[in-house]
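A.B. asks: Contents of data30.tsv (TSV, C-alpha atoms (C1' of nucleotides)) are given next:
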chain	number	residue	atom	x	y	z
D	1314	MET	CA	-44.17	215.62	-105.98
D	1315	PRO	CA	-47.67	217.05	-105.88
D	1316	VAL	CA	-50.18	215.30	-103.67
D	1317	ARG	CA	-52.79	213.58	-105.83
D	1318	LEU	CA	-56.13	213.05	-104.21
D	1319	THR	CA	-57.32	211.12	-107.23
D	1320	PRO	CA	-55.20	208.46	-108.97
D	1321	ASN	CA	-55.64	210.16	-112.30
D	1322	ALA	CA	-57.86	212.72	-113.97
D	1323	PRO	CA	-59.57	211.21	-117.02
D	1324	ASP	CA	-61.21	214.44	-118.19
D	1325	THR	CA	-59.39	217.60	-119.08
D	1326	PRO	CA	-59.75	220.34	-116.47
D	1327	LEU	CA	-62.28	223.01	-117.37
D	1328	VAL	CA	-60.23	225.98	-116.25
D	1329	SER	CA	-56.83	226.18	-117.88
D	1330	GLY	CA	-54.20	224.63	-115.67
D	1331	VAL	CA	-56.37	224.03	-112.62
D	1332	ASP	CA	-57.58	220.50	-111.98
D	1333	ASP	CA	-60.84	220.01	-110.05
D	1334	ALA	CA	-61.04	216.23	-110.45
D	1335	ALA	CA	-61.40	215.64	-106.71
D	1336	LEU	CA	-64.50	217.85	-106.63
D	1337	ARG	CA	-66.00	216.81	-109.94
D	1338	GLN	CA	-66.78	213.37	-108.50
D	1339	PHE	CA	-69.47	215.05	-106.35
D	1340	LEU	CA	-72.94	215.61	-107.71
D	1341	GLY	CA	-73.39	218.61	-105.43
D	1342	TYR	CA	-70.33	220.37	-106.86
D	1343	ASN	CA	-71.52	219.77	-110.42
D	1344	MET	CA	-75.02	220.93	-109.50
D	1345	LYS	CA	-73.65	224.19	-108.12
D	1346	ARG	CA	-71.45	224.90	-111.12
D	1347	ALA	CA	-74.23	224.04	-113.56
D	1348	PHE	CA	-76.85	226.00	-111.65
D	1349	ASN	CA	-74.62	229.08	-111.62
D	1350	VAL	CA	-74.71	229.01	-115.42
D	1351	VAL	CA	-78.47	228.50	-115.55
D	1352	GLN	CA	-79.09	231.22	-112.98
D	1353	ALA	CA	-76.93	233.77	-114.77
D	1354	ASP	CA	-78.76	233.12	-118.03
D	1355	LEU	CA	-82.22	233.17	-116.45
D	1356	THR	CA	-81.45	236.40	-114.62
D	1357	GLN	CA	-80.58	238.03	-117.94
D	1358	THR	CA	-83.70	236.54	-119.50
D	1359	LEU	CA	-85.98	237.99	-116.80
D	1360	LYS	CA	-84.29	241.41	-116.63
D	1361	PRO	CA	-86.17	242.92	-119.62
D	1362	LEU	CA	-89.42	241.98	-117.85
D	1363	GLY	CA	-88.33	243.71	-114.68
D	1364	LEU	CA	-88.34	240.46	-112.73
D	1365	ARG	CA	-85.79	238.73	-110.51
D	1366	MET	CA	-85.86	234.99	-109.91
D	1367	LEU	CA	-87.59	235.53	-106.56
D	1368	THR	CA	-90.25	237.93	-107.85
D	1369	TYR	CA	-90.78	235.68	-110.88
D	1370	THR	CA	-91.29	232.60	-108.73
D	1371	ALA	CA	-93.63	234.47	-106.38
D	1372	LEU	CA	-95.68	235.85	-109.28
D	1373	VAL	CA	-96.11	232.44	-110.91
D	1374	LEU	CA	-97.19	230.85	-107.64
D	1375	ILE	CA	-99.70	233.63	-106.94
D	1376	VAL	CA	-101.17	233.34	-110.43
D	1377	GLU	CA	-101.37	229.59	-110.06
D	1378	ASN	CA	-102.72	229.68	-106.49
D	1379	PRO	CA	-104.92	232.76	-106.25
D	1380	GLY	CA	-105.85	233.77	-102.71
D	1381	LEU	CA	-102.94	232.14	-100.92
D	1382	SER	CA	-101.45	233.92	-97.91
D	1383	GLN	CA	-97.94	235.30	-97.54
D	1384	SER	CA	-97.10	232.59	-95.02
D	1385	GLN	CA	-98.24	229.89	-97.40
D	1386	LEU	CA	-96.23	231.43	-100.22
D	1387	ALA	CA	-93.14	231.77	-98.05
D	1388	ALA	CA	-93.40	228.10	-97.08
D	1389	ALA	CA	-93.85	227.09	-100.72
D	1390	MET	CA	-90.81	229.12	-101.78
D	1391	ASP	CA	-88.71	228.00	-98.82
D	1392	VAL	CA	-87.95	231.57	-97.77
D	1393	GLU	CA	-88.55	233.10	-94.35
D	1394	ARG	CA	-91.66	235.22	-93.96
D	1395	PRO	CA	-89.77	238.49	-93.38
D	1396	ASN	CA	-87.95	238.09	-96.68
D	1397	LEU	CA	-91.16	237.70	-98.60
D	1398	VAL	CA	-92.49	241.12	-97.52
D	1399	GLU	CA	-90.15	243.04	-99.83
D	1400	ILE	CA	-90.85	240.65	-102.71
D	1401	ILE	CA	-94.61	241.20	-102.44
D	1402	ASP	CA	-94.06	244.95	-101.93
D	1403	GLU	CA	-92.23	245.04	-105.24
D	1404	LEU	CA	-94.94	243.12	-107.09
D	1405	GLU	CA	-97.68	245.17	-105.46
D	1406	GLN	CA	-96.04	248.51	-106.28
D	1407	ARG	CA	-95.94	247.47	-109.92
D	1408	ALA	CA	-99.66	246.57	-109.69
D	1409	LEU	CA	-98.93	242.97	-110.62
D	1410	VAL	CA	-100.44	241.49	-107.44
D	1411	LEU	CA	-102.89	242.67	-104.77
D	1412	ARG	CA	-102.96	242.17	-101.00
D	1413	ARG	CA	-106.61	241.64	-100.10
D	1414	ARG	CA	-107.78	241.56	-96.48
D	1415	VAL	CA	-109.74	238.43	-95.64
D	1416	PRO	CA	-112.86	239.33	-93.59
D	1417	ALA	CA	-112.98	235.91	-91.92
D	1418	ASP	CA	-109.41	236.31	-90.59
D	1419	ARG	CA	-108.13	239.85	-90.65
D	1420	ARG	CA	-104.54	238.79	-89.95
D	1421	ILE	CA	-104.21	237.29	-93.42
D	1422	TYR	CA	-103.56	238.89	-96.79
D	1423	ALA	CA	-105.01	236.91	-99.69
D	1424	LEU	CA	-102.65	237.38	-102.62
D	1425	THR	CA	-104.08	237.64	-106.11
D	1426	ALA	CA	-102.60	238.65	-109.44
D	1427	THR	CA	-104.00	241.54	-111.46
D	1428	PRO	CA	-104.68	241.11	-115.20
D	1429	GLU	CA	-101.32	242.81	-115.79
D	1430	GLY	CA	-99.70	240.36	-113.41
D	1431	ILE	CA	-101.22	237.39	-115.20
D	1432	GLN	CA	-100.09	238.76	-118.54
D	1433	LEU	CA	-96.53	239.36	-117.35
D	1434	CYS	CA	-96.49	235.92	-115.76
D	1435	GLN	CA	-97.34	234.32	-119.09
D	1436	LYS	CA	-94.66	236.34	-120.85
D	1437	ALA	CA	-92.12	235.33	-118.22
D	1438	LEU	CA	-93.02	231.65	-118.48
D	1439	ALA	CA	-92.61	231.82	-122.26
D	1440	ALA	CA	-89.25	233.55	-121.84
D	1441	ASP	CA	-88.18	230.90	-119.33
D	1442	LYS	CA	-89.12	228.15	-121.77
D	1443	ALA	CA	-87.14	229.80	-124.56
D	1444	HIS	CA	-84.19	230.26	-122.18
D	1445	GLU	CA	-84.14	226.58	-121.25
D	1446	ALA	CA	-84.64	225.43	-124.85
D	1447	ARG	CA	-81.63	227.52	-125.84
D	1448	LEU	CA	-79.47	226.52	-122.87
D	1449	PHE	CA	-80.26	222.83	-122.96
D	1450	GLU	CA	-80.31	222.50	-126.75
D	1451	GLY	CA	-78.72	219.21	-127.70
D	1452	ILE	CA	-79.64	217.43	-124.48
D	1453	PRO	CA	-82.28	214.78	-125.33
D	1454	PRO	CA	-85.75	215.53	-123.86
D	1455	GLN	CA	-85.69	212.09	-122.28
D	1456	THR	CA	-82.52	213.04	-120.40
D	1457	ILE	CA	-84.05	216.35	-119.30
D	1458	GLU	CA	-87.04	214.46	-117.95
D	1459	THR	CA	-84.76	212.05	-116.07
D	1460	LEU	CA	-82.85	215.02	-114.65
D	1461	ILE	CA	-86.03	216.71	-113.44
D	1462	GLU	CA	-87.23	213.53	-111.77
D	1463	ALA	CA	-83.87	213.00	-110.09
D	1464	MET	CA	-83.81	216.61	-108.84
D	1465	GLN	CA	-87.28	216.13	-107.36
D	1466	THR	CA	-86.10	212.95	-105.68
D	1467	VAL	CA	-83.12	214.75	-104.17
D	1468	ARG	CA	-85.33	217.62	-103.07
D	1469	THR	CA	-87.86	215.46	-101.29
D	1470	ARG	CA	-85.47	212.82	-99.95
D	1471	GLY	CA	-83.10	215.48	-98.67
D	1472	ALA	CA	-85.85	217.53	-97.12
D	1473	LEU	CA	-87.03	214.44	-95.27
D	1474	GLY	CA	-83.55	213.38	-94.19
D	1475	ALA	CA	-82.70	216.84	-92.89
D	1476	LYS	CA	-85.60	216.83	-90.47
Q	402	MET	CA	-112.42	230.27	-111.53
Q	403	PRO	CA	-108.71	230.08	-110.88
Q	404	VAL	CA	-106.42	230.68	-113.82
Q	405	ARG	CA	-104.64	227.43	-114.73
Q	406	LEU	CA	-101.35	227.83	-116.54
Q	407	THR	CA	-101.06	224.09	-116.93
Q	408	PRO	CA	-103.95	221.84	-118.02
Q	409	ASN	CA	-103.54	219.64	-114.99
Q	410	ALA	CA	-101.00	218.79	-112.32
Q	411	PRO	CA	-100.16	215.08	-112.42
Q	412	ASP	CA	-97.98	215.10	-109.30
Q	413	THR	CA	-99.11	216.11	-105.86
Q	414	PRO	CA	-97.82	219.53	-104.78
Q	415	LEU	CA	-94.85	219.37	-102.42
Q	416	VAL	CA	-96.02	222.11	-100.09
Q	417	SER	CA	-99.47	221.57	-98.67
Q	418	GLY	CA	-102.03	223.43	-100.67
Q	419	VAL	CA	-99.65	225.31	-102.97
Q	420	ASP	CA	-99.23	224.03	-106.51
Q	421	ASP	CA	-95.95	224.73	-108.33
Q	422	ALA	CA	-96.72	222.67	-111.45
Q	423	ALA	CA	-95.98	225.57	-113.82
Q	424	LEU	CA	-92.48	225.89	-112.38
Q	425	ARG	CA	-91.75	222.20	-111.92
Q	426	GLN	CA	-91.61	221.76	-115.69
Q	427	PHE	CA	-88.34	223.73	-115.65
Q	428	LEU	CA	-85.05	221.97	-115.01
Q	429	GLY	CA	-83.58	225.18	-113.56
Q	430	TYR	CA	-86.30	225.44	-110.92
Q	431	ASN	CA	-85.80	221.81	-109.92
Q	432	MET	CA	-82.03	222.29	-109.83
Q	433	LYS	CA	-82.39	225.24	-107.48
Q	434	ARG	CA	-84.76	223.48	-105.12
Q	435	ALA	CA	-82.62	220.34	-105.09
Q	436	PHE	CA	-79.38	222.23	-104.66
Q	437	ASN	CA	-80.80	224.15	-101.70
Q	438	VAL	CA	-81.29	220.79	-99.97
Q	439	VAL	CA	-77.80	219.58	-100.88
Q	440	GLN	CA	-76.20	222.87	-99.82
Q	441	ALA	CA	-77.95	222.93	-96.44
Q	442	ASP	CA	-76.82	219.38	-95.72
Q	443	LEU	CA	-73.25	219.94	-96.91
Q	444	THR	CA	-72.97	223.13	-94.87
Q	445	GLN	CA	-73.92	221.18	-91.75
Q	446	THR	CA	-71.48	218.43	-92.73
Q	447	LEU	CA	-68.57	220.85	-93.06
Q	448	LYS	CA	-69.35	222.88	-89.95
Q	449	PRO	CA	-67.63	220.50	-87.47
Q	450	LEU	CA	-64.47	220.84	-89.59
Q	451	GLY	CA	-64.65	224.63	-89.44
Q	452	LEU	CA	-65.12	224.88	-93.20
Q	453	ARG	CA	-67.65	226.67	-95.40
Q	454	MET	CA	-68.37	225.54	-98.94
Q	455	LEU	CA	-66.10	228.27	-100.30
Q	456	THR	CA	-63.16	227.54	-97.99
Q	457	TYR	CA	-63.63	223.82	-98.56
Q	458	THR	CA	-63.54	224.22	-102.33
Q	459	ALA	CA	-60.51	226.50	-102.17
Q	460	LEU	CA	-58.65	224.10	-99.88
Q	461	VAL	CA	-59.26	221.10	-102.13
Q	462	LEU	CA	-58.13	222.98	-105.22
Q	463	ILE	CA	-54.96	224.21	-103.49
Q	464	VAL	CA	-54.11	220.70	-102.29
Q	465	GLU	CA	-54.74	219.34	-105.77
Q	466	ASN	CA	-52.89	222.16	-107.56
Q	467	PRO	CA	-50.01	223.18	-105.31
Q	468	GLY	CA	-48.38	226.47	-106.26
Q	469	LEU	CA	-51.32	227.99	-108.10
Q	470	SER	CA	-51.90	231.73	-107.78
Q	471	GLN	CA	-54.90	233.50	-106.24
Q	472	SER	CA	-55.98	234.70	-109.68
Q	473	GLN	CA	-55.86	231.19	-111.07
Q	474	LEU	CA	-57.83	229.91	-108.10
Q	475	ALA	CA	-60.41	232.67	-108.40
Q	476	ALA	CA	-60.89	231.86	-112.08
Q	477	ALA	CA	-61.20	228.14	-111.30
Q	478	MET	CA	-63.79	228.84	-108.61
Q	479	ASP	CA	-65.66	231.43	-110.67
Q	480	VAL	CA	-65.39	234.07	-107.96
Q	481	GLU	CA	-63.98	237.56	-108.33
Q	482	ARG	CA	-60.44	238.09	-107.10
Q	483	PRO	CA	-61.40	240.44	-104.26
Q	484	ASN	CA	-63.73	237.85	-102.80
Q	485	LEU	CA	-60.99	235.24	-102.68
Q	486	VAL	CA	-58.77	237.34	-100.40
Q	487	GLU	CA	-60.90	236.75	-97.32
Q	488	ILE	CA	-61.19	233.04	-98.14
Q	489	ILE	CA	-57.41	232.62	-98.31
Q	490	ASP	CA	-56.98	234.83	-95.23
Q	491	GLU	CA	-59.20	232.44	-93.32
Q	492	LEU	CA	-57.32	229.34	-94.48
Q	493	GLU	CA	-53.96	231.00	-93.84
Q	494	GLN	CA	-54.88	232.13	-90.33
Q	495	ARG	CA	-55.75	228.56	-89.49
Q	496	ALA	CA	-52.38	227.48	-90.92
Q	497	LEU	CA	-54.04	225.28	-93.51
Q	498	VAL	CA	-52.47	227.02	-96.50
Q	499	LEU	CA	-49.44	229.26	-97.11
Q	500	ARG	CA	-48.96	232.31	-99.33
Q	501	ARG	CA	-45.45	231.98	-100.74
Q	502	ARG	CA	-43.82	234.83	-102.66
Q	503	VAL	CA	-42.52	233.75	-106.07
Q	504	PRO	CA	-39.01	235.18	-106.66
Q	505	ALA	CA	-39.43	235.13	-110.45
Q	506	ASP	CA	-42.55	237.34	-110.21
Q	507	ARG	CA	-43.01	239.05	-106.89
Q	508	ARG	CA	-46.59	240.09	-107.65
Q	509	ILE	CA	-47.78	236.49	-107.33
Q	510	TYR	CA	-48.52	234.40	-104.28
Q	511	ALA	CA	-48.02	230.67	-104.82
Q	512	LEU	CA	-50.60	228.89	-102.70
Q	513	THR	CA	-49.68	225.63	-101.01
Q	514	ALA	CA	-51.36	223.54	-98.35
Q	515	THR	CA	-49.63	222.71	-95.08
Q	516	PRO	CA	-49.64	219.11	-93.77
Q	517	GLU	CA	-52.54	220.16	-91.52
Q	518	GLY	CA	-54.33	221.55	-94.57
Q	519	ILE	CA	-53.83	218.33	-96.50
Q	520	GLN	CA	-55.09	216.31	-93.57
Q	521	LEU	CA	-58.19	218.46	-93.11
Q	522	CYS	CA	-58.78	218.33	-96.84
Q	523	GLN	CA	-58.85	214.56	-96.78
Q	524	LYS	CA	-61.20	214.55	-93.80
Q	525	ALA	CA	-63.49	217.01	-95.59
Q	526	LEU	CA	-63.52	214.95	-98.78
Q	527	ALA	CA	-64.43	211.86	-96.77
Q	528	ALA	CA	-67.19	213.79	-95.00
Q	529	ASP	CA	-68.47	215.05	-98.36
Q	530	LYS	CA	-68.57	211.49	-99.72
Q	531	ALA	CA	-70.50	210.29	-96.66
Q	532	HIS	CA	-72.87	213.25	-96.99
Q	533	GLU	CA	-73.64	212.46	-100.63
Q	534	ALA	CA	-73.96	208.73	-99.99
Q	535	ARG	CA	-76.49	209.50	-97.28
Q	536	LEU	CA	-78.37	212.15	-99.25
Q	537	PHE	CA	-78.49	210.26	-102.53
Q	538	GLU	CA	-79.09	206.84	-101.02
Q	539	GLY	CA	-81.52	204.93	-103.20
Q	540	ILE	CA	-80.59	206.72	-106.41
Q	541	PRO	CA	-78.80	204.19	-108.66
Q	542	PRO	CA	-75.07	204.94	-109.19
Q	543	GLN	CA	-75.71	204.82	-112.93
Q	544	THR	CA	-78.25	207.63	-112.55
Q	545	ILE	CA	-75.84	209.67	-110.41
Q	546	GLU	CA	-73.23	209.29	-113.13
Q	547	THR	CA	-75.71	210.40	-115.79
Q	548	LEU	CA	-76.63	213.40	-113.64
Q	549	ILE	CA	-73.01	214.43	-113.19
Q	550	GLU	CA	-72.36	214.19	-116.92
Q	551	ALA	CA	-75.47	216.20	-117.70
Q	552	MET	CA	-74.50	218.87	-115.16
Q	553	GLN	CA	-71.08	219.14	-116.78
Q	554	THR	CA	-72.72	219.48	-120.17
Q	555	VAL	CA	-74.96	222.28	-118.91
Q	556	ARG	CA	-72.01	223.98	-117.26
Q	557	THR	CA	-69.83	223.99	-120.36
Q	558	ARG	CA	-72.59	224.54	-122.94
Q	559	GLY	CA	-74.07	227.37	-120.90
Q	560	ALA	CA	-70.71	228.97	-120.28
Q	561	LEU	CA	-70.07	228.95	-124.02
Q	562	GLY	CA	-73.54	230.19	-124.92
Q	563	ALA	CA	-73.35	233.06	-122.45
Q	564	LYS	CA	-70.24	234.45	-124.09
J	479	DT	C1'	-101.52	232.06	-75.97
J	480	DA	C1'	-100.71	231.57	-80.98
J	481	DT	C1'	-100.48	233.35	-85.72
J	482	DT	C1'	-99.91	236.94	-89.70
J	483	DG	C1'	-97.46	240.32	-91.37
J	484	DT	C1'	-93.92	243.54	-90.35
J	485	DT	C1'	-89.52	245.99	-88.82
J	486	DA	C1'	-84.87	245.90	-87.70
J	487	DT	C1'	-80.76	243.67	-88.06
J	488	DA	C1'	-76.95	240.74	-89.36
J	489	DC	C1'	-74.42	237.47	-91.97
J	490	DT	C1'	-72.94	235.30	-96.31
J	491	DC	C1'	-72.02	235.49	-101.11
J	492	DT	C1'	-71.22	238.29	-104.94
J	493	DA	C1'	-69.74	242.35	-107.94
J	494	DT	C1'	-67.18	246.78	-109.13
J	495	DA	C1'	-63.91	250.60	-108.67
J	496	DA	C1'	-59.73	252.08	-107.21
J	497	DC	C1'	-55.42	251.54	-104.84
J	498	DT	C1'	-50.18	249.33	-104.24
J	499	DA	C1'	-46.47	246.93	-105.76
J	500	DT	C1'	-44.53	244.78	-109.11
J	501	DA	C1'	-43.59	243.74	-114.07
A	465	DT	C1'	-48.97	250.21	-119.65
A	466	DA	C1'	-50.51	245.84	-117.63
A	467	DT	C1'	-51.06	242.36	-113.92
A	468	DA	C1'	-51.55	240.36	-108.88
A	469	DG	C1'	-53.24	241.15	-104.78
A	470	DT	C1'	-55.76	244.22	-101.89
A	471	DT	C1'	-59.20	247.61	-99.87
A	472	DA	C1'	-63.55	249.63	-99.66
A	473	DT	C1'	-68.09	249.35	-100.76
A	474	DA	C1'	-72.55	247.98	-102.32
A	475	DG	C1'	-75.99	244.80	-103.63
A	476	DA	C1'	-78.44	240.55	-103.43
A	477	DG	C1'	-80.21	236.53	-100.71
A	478	DT	C1'	-81.02	234.60	-96.31
A	479	DA	C1'	-81.80	234.11	-91.16
A	480	DT	C1'	-83.43	235.44	-86.33
A	481	DA	C1'	-85.66	238.36	-82.73
A	482	DA	C1'	-89.21	241.24	-81.54
A	483	DC	C1'	-93.28	243.98	-82.32
A	484	DA	C1'	-98.53	245.25	-83.51
A	485	DA	C1'	-102.80	243.51	-84.89
A	486	DT	C1'	-105.76	239.82	-84.73
A	487	DA	C1'	-107.46	235.28	-83.46
Once more with this new file: its structure as structure tokens, please.

C.D. replies:
Amino acid sequence: MPVRLTPNAPDTPLVSGVDDAALRQFLGYNMKRAFNVVQADLTQTLKPLGLRMLTYTALVLIVENPGLSQSQLAAAMDVERPNLVEIIDELEQRALVLRRRVPADRRIYALTATPEGIQLCQKALAADKAHEARLFEGIPPQTIETLIEAMQTVRTRGALGAK
Amino acid sequence: MPVRLTPNAPDTPLVSGVDDAALRQFLGYNMKRAFNVVQADLTQTLKPLGLRMLTYTALVLIVENPGLSQSQLAAAMDVERPNLVEIIDELEQRALVLRRRVPADRRIYALTATPEGIQLCQKALAADKAHEARLFEGIPPQTIETLIEAMQTVRTRGALGAK
DNA sequence: TATTGTTATACTCTATAACTATA
DNA sequence: TATAGTTATAGAGTATAACAATA
């Protein structure tokens, strides 16, 4: 007799023949599975624009916060400073952003977007909106809003608790 | 004058001085940021048990679905078959699961958990529950349930839409 | 001394092609 | 031929240590 970790499985398993009821009770598991779907779709959405999720995020934050330093951006994106170098290299080589030396503190690069960068950023944001509208079609806007708020709660509560 | 992609930012930025309002409107962005927090905490939770998220997931699914094949498990976990080999190797070397040849079809390995594997699985599930209770403390159970249902909707709707 | 950006490096997760043994 | 498991390999994403330039 198979060992049952859950008394019974009310929902039908998603993958034919394999039951993941014991894992589906966890929000984290469902977040991962759902995010995999979102990420795959967003990656395809950004590909025609020549952007990855990381370069897209960096570009938007630079456009929105002109003059910020690489350290500030790395902290905002929750990536280590060394990993940001290649991301900015890529954006700079495509002339989407500029590294400007700051006279007052010559250690810092002030990051700014070029007009082309701003234009691509706006295209990417529009594509992202269309991607989410398509992917989340049928989910009530009120529910989406609740989801976003809950995700922000998890993000901040977890970040505090981890410290 | 800085370019504003959003008319105004109602919430305070999470990282000092850097505003991510244009991205925070997206559920996908919030899912990623929130899941990063959950993943970091779960990884630390599983570490004392010698498990990674991937080996943990595989172990639970094998315990719950004794006799399934590596291909079935790979499909259930949404990983490619080659990547599962190392995961099963790791579990097998620790004597948590067994690869049993199936006489009827000698190409297939039937995966089963050993008593030690079942025991560790139950410990890991308990640790996962404690981790989520701690991380999501303060979020009403009703909201958690809504979140899980919404994540499952995204997962299945997205998976269909991507095809 | 401390910080910014950088290089080098390594580890995990993921993806593809090609092999073997079985069917 | 087709499938299950495997090997080899490569690409992302992420993390740490150490360095040069600057403060």

A.B. asks: With all atoms listed in the file as the atoms that count, which of D:Arg1337, D:Arg1414, D:Arg1420, D:Arg1447 lies nearest to chain A?

C.D. replies: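 Under the stated criterion, the closest residue is D:Arg1420.
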
A.B. asks: From the set Q:Gln473, Q:Asn431, Q:Asn466, Q:Gln520, which residue has the shortest atom-to-atom contact distance to chain A, counting all atoms listed in the file?

C.D. replies: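 Closest candidate: Q:Gln473.
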
A.B. asks: Of the candidates Q:Phe436, Q:Tyr510, Q:Phe537, Q:Tyr457, which one gets nearest to chain A if we count only C-alpha atoms (C1' of nucleotides)?

C.D. replies: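 The closest residue to chain A is Q:Tyr510.
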
A.B. asks: Within 9 Å of stretch 475-488 of chain Q, counting all atoms listed in the file, which residues qualify if same-chain residues fewer than 6 places away don't, as an MDAnalysis selection string?

C.D. replies: (chainID D and resid 1327:1333 1346) or (chainID Q and resid 455:456 458:459 462) or (chainID J and resid 491:493) or (chainID A and resid 469:471)

A.B. asks: Restricted to C-alpha atoms (C1' of nucleotides), what would the selected residues look like written as a short mmCIF file (atom, residue, chain, number, x, y, z; two decimals), in the frame of the given file?

C.D. replies:
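What ended up in again-v5.cif:
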data_model
loop_
_atom_site.label_atom_id
_atom_site.label_comp_id
_atom_site.auth_asym_id
_atom_site.auth_seq_id
_atom_site.Cartn_x
_atom_site.Cartn_y
_atom_site.Cartn_z
CA LEU D 1327 -62.28 223.01 -117.37
CA VAL D 1328 -60.23 225.98 -116.25
CA SER D 1329 -56.83 226.18 -117.88
CA GLY D 1330 -54.20 224.63 -115.67
CA VAL D 1331 -56.37 224.03 -112.62
CA ASP D 1332 -57.58 220.50 -111.98
CA ASP D 1333 -60.84 220.01 -110.05
CA ARG D 1346 -71.45 224.90 -111.12
CA LEU Q 455 -66.10 228.27 -100.30
CA THR Q 456 -63.16 227.54 -97.99
CA THR Q 458 -63.54 224.22 -102.33
CA ALA Q 459 -60.51 226.50 -102.17
CA LEU Q 462 -58.13 222.98 -105.22
"C1'" DC J 491 -72.02 235.49 -101.11
"C1'" DT J 492 -71.22 238.29 -104.94
"C1'" DA J 493 -69.74 242.35 -107.94
"C1'" DG A 469 -53.24 241.15 -104.78
"C1'" DT A 470 -55.76 244.22 -101.89
"C1'" DT A 471 -59.20 247.61 -99.87
#

A.B. asks: Please measure the separation of atom CA of Q:Tyr430 and atom CA of Q:Glu550, giving the value in Å to one decimal.

C.D. replies: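 Between atom CA of Q:Tyr430 and atom CA of Q:Glu550 the gap works out to 18.9 Å.
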
A.B. asks: Could you give me, as a tab-separated table (two decimals) with C-alpha atoms, in the frame of the given file, the residues within 8 Å of D:Gly1341, counting only C-alpha atoms (C1' of nucleotides) and dropping anything in the same chain fewer than 6 positions from it?

C.D. replies:
chain	number	residue	atom	x	y	z
Q	436	PHE	CA	-79.38	222.23	-104.66
Q	439	VAL	CA	-77.80	219.58	-100.88
Q	440	GLN	CA	-76.20	222.87	-99.82
Q	533	GLU	CA	-73.64	212.46	-100.63

A.B. asks: Here is a test: counting only C-alpha atoms, which residue of Q:Ala511, Q:Ala435, Q:Ala528, Q:Leu424 is nearest to chain D?

C.D. replies: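 Among Q:Ala511, Q:Ala435, Q:Ala528, Q:Leu424, it is Q:Ala435 that comes nearest to chain D.
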
A.B. asks: Against chain D, which residues of chain A fall within 12 Å? For each one I want the closest pair of atoms and the distance in Å (one decimal), counting all atoms listed in the file, rows by chain and increasing residue number, as a tab-separated table.

C.D. replies:
residue	atom	partner	partner_atom	distance
A:DA476	C1'	D:Arg1365	CA	10.4
A:DG477	C1'	D:Asn1396	CA	8.9
A:DT478	C1'	D:Val1392	CA	7.7
A:DA479	C1'	D:Glu1393	CA	7.5
A:DT480	C1'	D:Glu1393	CA	9.8
A:DA481	C1'	D:Pro1395	CA	11.4
A:DA484	C1'	D:Arg1420	CA	10.9
A:DA485	C1'	D:Arg1420	CA	7.1
A:DT486	C1'	D:Arg1420	CA	5.5
A:DA487	C1'	D:Asp1418	CA	7.5

A.B. asks: Please, which residues of chain J lie no more than 12 Å from chain Q when the count uses only C-alpha atoms (C1' of nucleotides), and can they be set out as a list in words?

C.D. replies: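 The complete set of qualifying residues is DT490, DC491, DT492, DA493, DT494, DA495, DT498, DA499, DT500 and DA501 of chain J.
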
A.B. asks: Identify which of the residues Q:Glu465, Q:Leu497, Q:Arg453, Q:Leu460 lies closest to chain D, counting all atoms listed in the file when measuring atom-to-atom distances.

C.D. replies: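 Answer, going by the shortest atom-to-atom distance: Q:Glu465.
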